[in-house]
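my_file10.txt follows (compact mmCIF, C-alpha atoms):
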```txt
# COMPACT_ATOMS: atom_id res chain seq x y z
CA MET A 1 11.93 11.63 -3.15
CA SER A 2 14.85 10.34 -1.13
CA THR A 3 15.66 6.68 -1.60
CA SER A 4 17.73 6.33 1.54
CA THR A 5 16.01 7.74 4.60
CA ILE A 6 12.82 7.63 6.62
CA GLY A 7 11.81 10.77 8.44
CA GLN A 8 11.39 14.37 7.44
CA LEU A 9 10.62 14.62 3.73
CA ASP A 10 10.36 17.55 1.36
CA ILE A 11 6.66 17.96 0.53
CA VAL A 12 7.30 19.06 -3.07
CA SER A 13 9.36 15.95 -3.75
CA ALA A 14 6.76 13.76 -2.05
CA ILE A 15 3.91 15.17 -4.14
CA ASP A 16 5.91 14.91 -7.34
CA GLY A 17 6.81 11.29 -6.64
CA LEU A 18 3.27 10.19 -5.78
CA ARG A 19 1.82 11.98 -8.82
CA LYS A 20 4.21 10.07 -11.08
CA VAL A 21 3.31 6.79 -9.39
CA GLY A 22 -0.39 7.51 -9.87
CA ALA A 23 0.03 8.12 -13.60
CA GLU A 24 2.13 4.97 -14.01
CA PHE A 25 -0.18 2.72 -11.98
CA HIS A 26 -3.24 4.02 -13.85
CA ALA A 27 -1.57 3.26 -17.18
CA ARG A 28 -0.79 -0.29 -16.03
CA GLY A 29 -4.36 -0.94 -14.88
CA TRP A 30 -3.56 -1.03 -11.17
CA SER A 31 -5.26 2.26 -10.17
CA VAL A 32 -8.20 2.75 -12.52
CA GLY A 33 -11.13 5.11 -12.07
CA THR A 34 -10.68 6.90 -8.76
CA SER A 35 -9.47 3.76 -6.96
CA SER A 36 -6.27 3.45 -4.91
CA ASN A 37 -4.55 5.73 -2.44
CA TYR A 38 -0.94 6.57 -1.66
CA SER A 39 0.91 8.22 1.19
CA ALA A 40 4.35 9.35 2.29
CA VAL A 41 5.72 10.14 5.73
CA LEU A 42 6.58 13.84 5.97
CA LEU A 43 7.57 13.87 9.63
CA ARG A 44 8.36 10.98 11.93
CA ASP A 45 7.94 12.64 15.34
CA PRO A 46 5.28 13.84 15.56
CA LEU A 47 4.00 11.65 12.75
CA GLU A 48 2.64 13.53 9.74
CA LEU A 49 1.61 11.97 6.45
CA LEU A 50 0.88 13.25 2.98
CA VAL A 51 -2.13 11.25 1.69
CA THR A 52 -3.99 11.36 -1.61
CA ALA A 53 -7.34 13.13 -1.43
CA SER A 54 -10.58 11.21 -1.84
CA GLY A 55 -12.13 10.54 -5.24
CA LYS A 56 -9.25 11.69 -7.44
CA ASN A 57 -8.26 10.27 -10.82
CA LYS A 58 -4.78 8.86 -10.18
CA ALA A 59 -3.77 9.40 -13.79
CA LYS A 60 -4.05 13.16 -13.35
CA LEU A 61 -3.29 13.99 -9.74
CA ALA A 62 -2.85 17.72 -9.25
CA THR A 63 -0.46 19.21 -6.72
CA THR A 64 -3.52 20.16 -4.66
CA ASP A 65 -4.93 16.58 -4.57
CA PHE A 66 -3.14 15.71 -1.34
CA VAL A 67 -3.87 16.11 2.37
CA ARG A 68 -1.49 16.43 5.31
CA VAL A 69 -2.73 14.39 8.27
CA ASP A 70 -1.52 13.52 11.76
CA ALA A 71 -1.12 10.13 13.43
CA ASN A 72 -4.90 9.92 13.94
CA GLY A 73 -5.70 10.67 10.31
CA GLN A 74 -6.88 14.21 11.08
CA PRO A 75 -5.89 17.14 8.81
CA THR A 76 -3.02 19.14 10.25
CA PHE A 77 -4.52 22.41 8.99
CA GLU A 78 -7.82 23.69 7.58
CA GLY A 79 -8.78 24.27 3.97
CA GLN A 80 -7.50 20.96 2.61
CA PRO A 81 -9.51 18.54 0.44
CA LYS A 82 -11.06 15.45 2.03
CA ALA A 83 -8.53 12.70 2.70
CA SER A 84 -8.94 9.17 1.37
CA ALA A 85 -11.52 7.11 3.26
CA GLU A 86 -8.75 4.62 4.08
CA THR A 87 -6.39 7.13 5.67
CA LEU A 88 -6.38 5.29 9.02
CA LEU A 89 -4.85 2.23 7.33
CA HIS A 90 -2.00 4.45 6.17
CA THR A 91 -1.42 5.90 9.62
CA VAL A 92 -1.37 2.44 11.20
CA LEU A 93 1.25 1.25 8.71
CA ALA A 94 3.26 4.48 8.89
CA LYS A 95 3.78 3.95 12.62
CA GLN A 96 6.02 0.99 11.79
CA PRO A 97 9.72 1.94 12.01
CA ASP A 98 10.71 0.88 8.48
CA VAL A 99 7.76 2.39 6.61
CA GLY A 100 8.17 5.67 4.75
CA VAL A 101 5.76 5.22 1.82
CA ILE A 102 2.51 3.22 1.55
CA LEU A 103 0.89 2.32 -1.78
CA HIS A 104 -2.54 0.78 -2.34
CA THR A 105 -3.69 -0.59 -5.71
CA HIS A 106 -6.81 -2.25 -7.15
CA SER A 107 -5.63 -4.72 -9.80
CA VAL A 108 -7.65 -7.49 -11.45
CA TRP A 109 -5.22 -10.17 -10.30
CA GLY A 110 -5.07 -9.12 -6.67
CA THR A 111 -8.84 -8.75 -6.53
CA LEU A 112 -9.36 -12.26 -7.92
CA LEU A 113 -6.87 -13.85 -5.51
CA SER A 114 -8.41 -12.03 -2.56
CA GLN A 115 -11.72 -13.68 -3.46
CA ILE A 116 -10.32 -17.14 -4.23
CA TYR A 117 -8.44 -17.44 -0.92
CA ALA A 118 -10.74 -15.39 1.30
CA ASP A 119 -12.01 -18.42 3.23
CA VAL A 120 -8.50 -19.37 4.38
CA ARG A 121 -7.49 -15.74 5.03
CA GLY A 122 -4.51 -15.76 2.70
CA PHE A 123 -2.13 -17.70 0.50
CA LYS A 124 1.55 -18.52 0.15
CA ILE A 125 3.84 -17.58 -2.74
CA GLU A 126 7.06 -19.55 -3.12
CA ASP A 127 9.67 -20.73 -5.62
CA TYR A 128 9.49 -17.66 -7.86
CA GLU A 129 12.70 -15.80 -8.72
CA MET A 130 10.80 -12.50 -8.59
CA LEU A 131 10.32 -12.93 -4.84
CA LYS A 132 13.87 -11.60 -4.55
CA GLY A 133 12.50 -8.19 -5.47
CA LEU A 134 10.90 -7.96 -2.02
CA GLU A 135 13.11 -6.18 0.50
CA GLY A 136 15.33 -8.56 2.47
CA VAL A 137 14.50 -11.63 0.36
CA THR A 138 17.59 -13.32 -1.06
CA THR A 139 16.32 -16.61 -2.46
CA HIS A 140 13.50 -17.91 -4.64
CA ARG A 141 12.86 -20.48 -1.91
CA HIS A 142 11.41 -17.74 0.28
CA LYS A 143 7.79 -18.32 1.32
CA GLU A 144 5.75 -15.11 1.24
CA TRP A 145 2.40 -15.23 3.02
CA VAL A 146 -0.22 -12.75 1.77
CA GLU A 147 -2.82 -12.13 4.45
CA ILE A 148 -6.40 -11.32 3.38
CA PHE A 149 -8.54 -9.04 5.52
CA ASP A 150 -12.29 -8.92 5.06
CA ASN A 151 -13.62 -5.88 3.24
CA THR A 152 -15.65 -3.38 5.24
CA GLN A 153 -16.71 0.26 5.14
CA ASP A 154 -15.86 0.43 8.86
CA ILE A 155 -12.30 1.62 8.32
CA PRO A 156 -11.55 2.25 12.05
CA SER A 157 -12.36 -1.41 12.77
CA LEU A 158 -10.25 -2.60 9.84
CA ALA A 159 -7.39 -0.36 10.92
CA ALA A 160 -7.62 -1.80 14.45
CA GLU A 161 -7.50 -5.33 13.03
CA VAL A 162 -4.44 -4.56 10.91
CA SER A 163 -2.78 -2.87 13.90
CA ALA A 164 -3.40 -5.96 16.06
CA HIS A 165 -1.82 -8.17 13.40
CA LEU A 166 1.20 -5.89 13.23
CA ARG A 167 1.74 -6.38 16.97
CA ASP A 168 1.30 -10.15 16.78
CA PRO A 169 4.71 -11.86 17.17
CA ASP A 170 3.41 -14.82 15.13
CA ARG A 171 2.32 -12.65 12.20
CA ARG A 172 3.16 -14.41 8.94
CA TRP A 173 2.84 -11.62 6.37
CA GLN A 174 5.82 -9.38 5.82
CA HIS A 175 5.61 -7.07 2.81
CA GLY A 176 1.93 -6.55 2.07
CA PHE A 177 -1.65 -7.72 2.45
CA LEU A 178 -4.90 -7.86 0.49
CA ILE A 179 -8.39 -6.72 1.37
CA ARG A 180 -11.02 -9.13 0.04
CA GLN A 181 -12.34 -8.14 -3.39
CA HIS A 182 -10.66 -4.80 -2.89
CA GLY A 183 -6.91 -4.49 -3.36
CA LEU A 184 -3.29 -4.65 -2.25
CA TYR A 185 -1.48 -2.67 0.43
CA THR A 186 2.29 -2.65 0.45
CA TRP A 187 4.98 -0.27 1.66
CA GLY A 188 8.67 0.50 1.79
CA ARG A 189 11.27 2.71 3.38
CA ASN A 190 10.92 5.07 0.44
CA LEU A 191 9.03 5.46 -2.83
CA PHE A 192 11.51 3.37 -4.82
CA GLU A 193 11.11 0.40 -2.48
CA ALA A 194 7.32 0.64 -2.14
CA ARG A 195 6.87 0.97 -5.92
CA ARG A 196 9.11 -2.05 -6.46
CA HIS A 197 6.98 -4.08 -4.05
CA ILE A 198 3.85 -3.18 -6.02
CA GLU A 199 5.52 -4.37 -9.23
CA ILE A 200 6.71 -7.62 -7.66
CA PHE A 201 3.37 -8.46 -6.06
CA GLU A 202 1.41 -7.63 -9.21
CA PHE A 203 3.69 -9.83 -11.31
CA LEU A 204 3.36 -12.72 -8.87
CA PHE A 205 -0.42 -12.29 -8.53
CA GLU A 206 -0.81 -12.50 -12.30
CA CYS A 207 1.37 -15.63 -12.41
CA LEU A 208 -0.74 -17.33 -9.75
CA VAL A 209 -4.07 -16.59 -11.42
CA ARG A 210 -2.84 -17.57 -14.90
CA LYS A 211 -1.34 -20.78 -13.49
CA ARG A 212 -4.74 -21.73 -12.06
CA SER A 213 -6.30 -21.34 -15.50
CA LEU A 214 -3.83 -23.65 -17.28
```

Mind turning the file's structure into structure tokens?
Amino acid sequence: MSTSTIGQLDIVSAIDGLRKVGAEFHARGWSVGTSSNYSAVLLRDPLELLVTASGKNKAKLATTDFVRVDANGQPTFEGQPKASAETLLHTVLAKQPDVGVILHTHSVWGTLLSQIYADVRGFKIEDYEMLKGLEGVTTHRHKEWVEIFDNTQDIPSLAAEVSAHLRDPDRRWQHGFLIRQHGLYTWGRNLFEARRHIEIFEFLFECLVRKRSL
């Protein structure tokens, strides 16, 4: 998968990249069972995404375990498997100009933090050197706010809430958010950047939870 552009993307490269990510994230305990979903922008205008199909083991994604959807989350042609239930969250995020790949994980650490800080709708991470792994961050003094959205099976409502936050000029979160007792959503211009953000957030989440237990 290209590491330099956002826009039209070769579908074979996109599938290959997301399959490798699934196997890696499963091995690291971030995408266990059939949890998690991933997507990549295939076309920018009109928007078309490649999204993981529903209920698939991310350790063993087949080349046929993906769905091509439009900006409304609808399949672009018939005969495809069912798309992830959270496809609308991917389409909302993919409409942002600097988003080419979206990754969603279900780790222990992120799940615990999303429960601990649910009442205050998020938490701040600061003074960690690893923050510099987030795109555009150049100092450990950076303050990263991680917004927490309430969990719901009403994905259209959740997608609308996330979309409203994206349009809010006072929005504090920048690189990712959590869904309460659910998991992390983050993204990047390409697979390399989005994968790096997952690694950085998961490292920092583990640090925060372990620090609380000391």

Find the residues around Gly55 of chain A up to 7 Å (all atoms listed in the file counted), leave out those fewer than 2 positions away in its own chain, and share them as a PDB file with C-alpha atoms, in the coordinates of the input.
```pdb
ATOM      1  CA  THR A  34     -10.680   6.900  -8.760  1.00  0.00           C
ATOM      2  CA  ALA A  53      -7.340  13.130  -1.430  1.00  0.00           C
ATOM      3  CA  ASN A  57      -8.260  10.270 -10.820  1.00  0.00           C
TER       4      ASN A  57
END
```

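Nearest to Arg44 of chain A of all the residues A:Met130, A:Ala71, A:Ile116, A:Ile125 is A:Ala71, counting all atoms listed in the file.
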
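Note that the spacing between atom CA of Thr63 of chain A and atom CA of Trp30 of chain A amounts to 21.0 Å.
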
Please compute the atom CA of Ser39 of chain A-atom CA of His90 of chain A distance, one decimal, in Å. 6.9 Å

Interface rows for segment 174-213 of chain A against segment 131-154 of chain A: nearest pair, Å to one decimal, 6 Å, all atoms listed in the file, as JSON lines:
```
{"residue": "A:Phe177", "atom": "CA", "partner": "A:Glu147", "partner_atom": "CA", "distance": 5.0}
{"residue": "A:Leu178", "atom": "CA", "partner": "A:Ile148", "partner_atom": "CA", "distance": 4.8}
{"residue": "A:Ile179", "atom": "CA", "partner": "A:Phe149", "partner_atom": "CA", "distance": 4.8}
{"residue": "A:Arg180", "atom": "CA", "partner": "A:Asp150", "partner_atom": "CA", "distance": 5.2}
{"residue": "A:His197", "atom": "CA", "partner": "A:Leu134", "partner_atom": "CA", "distance": 5.9}
```

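Atom CA of Gln96 of chain A to atom CA of Ile200 of chain A spans 21.3 Å [interatomic distance, one decimal].
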
Shortest interatomic distance to Ala159 of chain A - which of A:Val32, A:Leu89, A:Ile11, A:Cys207, counting only C-alpha atoms: A:Leu89

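Distances to Pro156 of chain A were evaluated for A:Ile198, A:Leu88, A:Val101, A:Leu50 using only C-alpha atoms, and the minimum falls at A:Leu88.
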
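Each of A:Leu191, A:Leu204, A:Ala85, A:Val162 was compared to Glu129 of chain A using only C-alpha atoms, and A:Leu204 turns out to be the nearest.
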
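Distances to Leu18 of chain A were evaluated for A:Asp70, A:Glu206, A:His104, A:Pro75 using all atoms listed in the file, and the minimum falls at A:His104.
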
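Proximity ranking of A:Gly79, A:Gly188, A:Gly17, A:Gly22 relative to Gly100 of chain A places A:Gly188 first, based on only C-alpha atoms.
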
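Residues near the point (-1.5, -13.0, -7.4), at a distance of 6 Å or less over only C-alpha atoms, make up Trp109, Gly110, Leu113, Leu204, Phe205, Glu206, Leu208 and Val209 of chain A.
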
Find the residues with any atom within 12 Å of (-2.6, 2.4, -14.7); use all atoms listed in the file and the coordinates as given in the file, and write the answer as a PyMOL selection string. chain A and resi 20-36+57-60+105-108+199

If I wrap all listed atoms of segment 29-36 of chain A in a box with edges along x, y and z and add 4 Å on each side, what are its centre and edge lengths in Å to one decimal, as JSON?
```
{"center_x": -7.3, "center_y": 2.9, "center_z": -9.9, "size_x": 15.6, "size_y": 15.9, "size_z": 18.0}
```

If we count all atoms listed in the file and set the cut-off at 10 Å, which residues sit around Thr76 of chain A, ignoring sequence neighbours fewer than 6 positions away in its own chain? Please answer as a short mmCIF file (atom, residue, chain, number, x, y, z; two decimals) with C-alpha atoms, keeping the file's coordinate frame.
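Listed below is the output, out.cif:
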```cif
data_model
loop_
_atom_site.label_atom_id
_atom_site.label_comp_id
_atom_site.auth_asym_id
_atom_site.auth_seq_id
_atom_site.Cartn_x
_atom_site.Cartn_y
_atom_site.Cartn_z
CA GLU A 48 2.64 13.53 9.74
CA LEU A 49 1.61 11.97 6.45
CA VAL A 67 -3.87 16.11 2.37
CA ARG A 68 -1.49 16.43 5.31
CA VAL A 69 -2.73 14.39 8.27
CA ASP A 70 -1.52 13.52 11.76
#
```
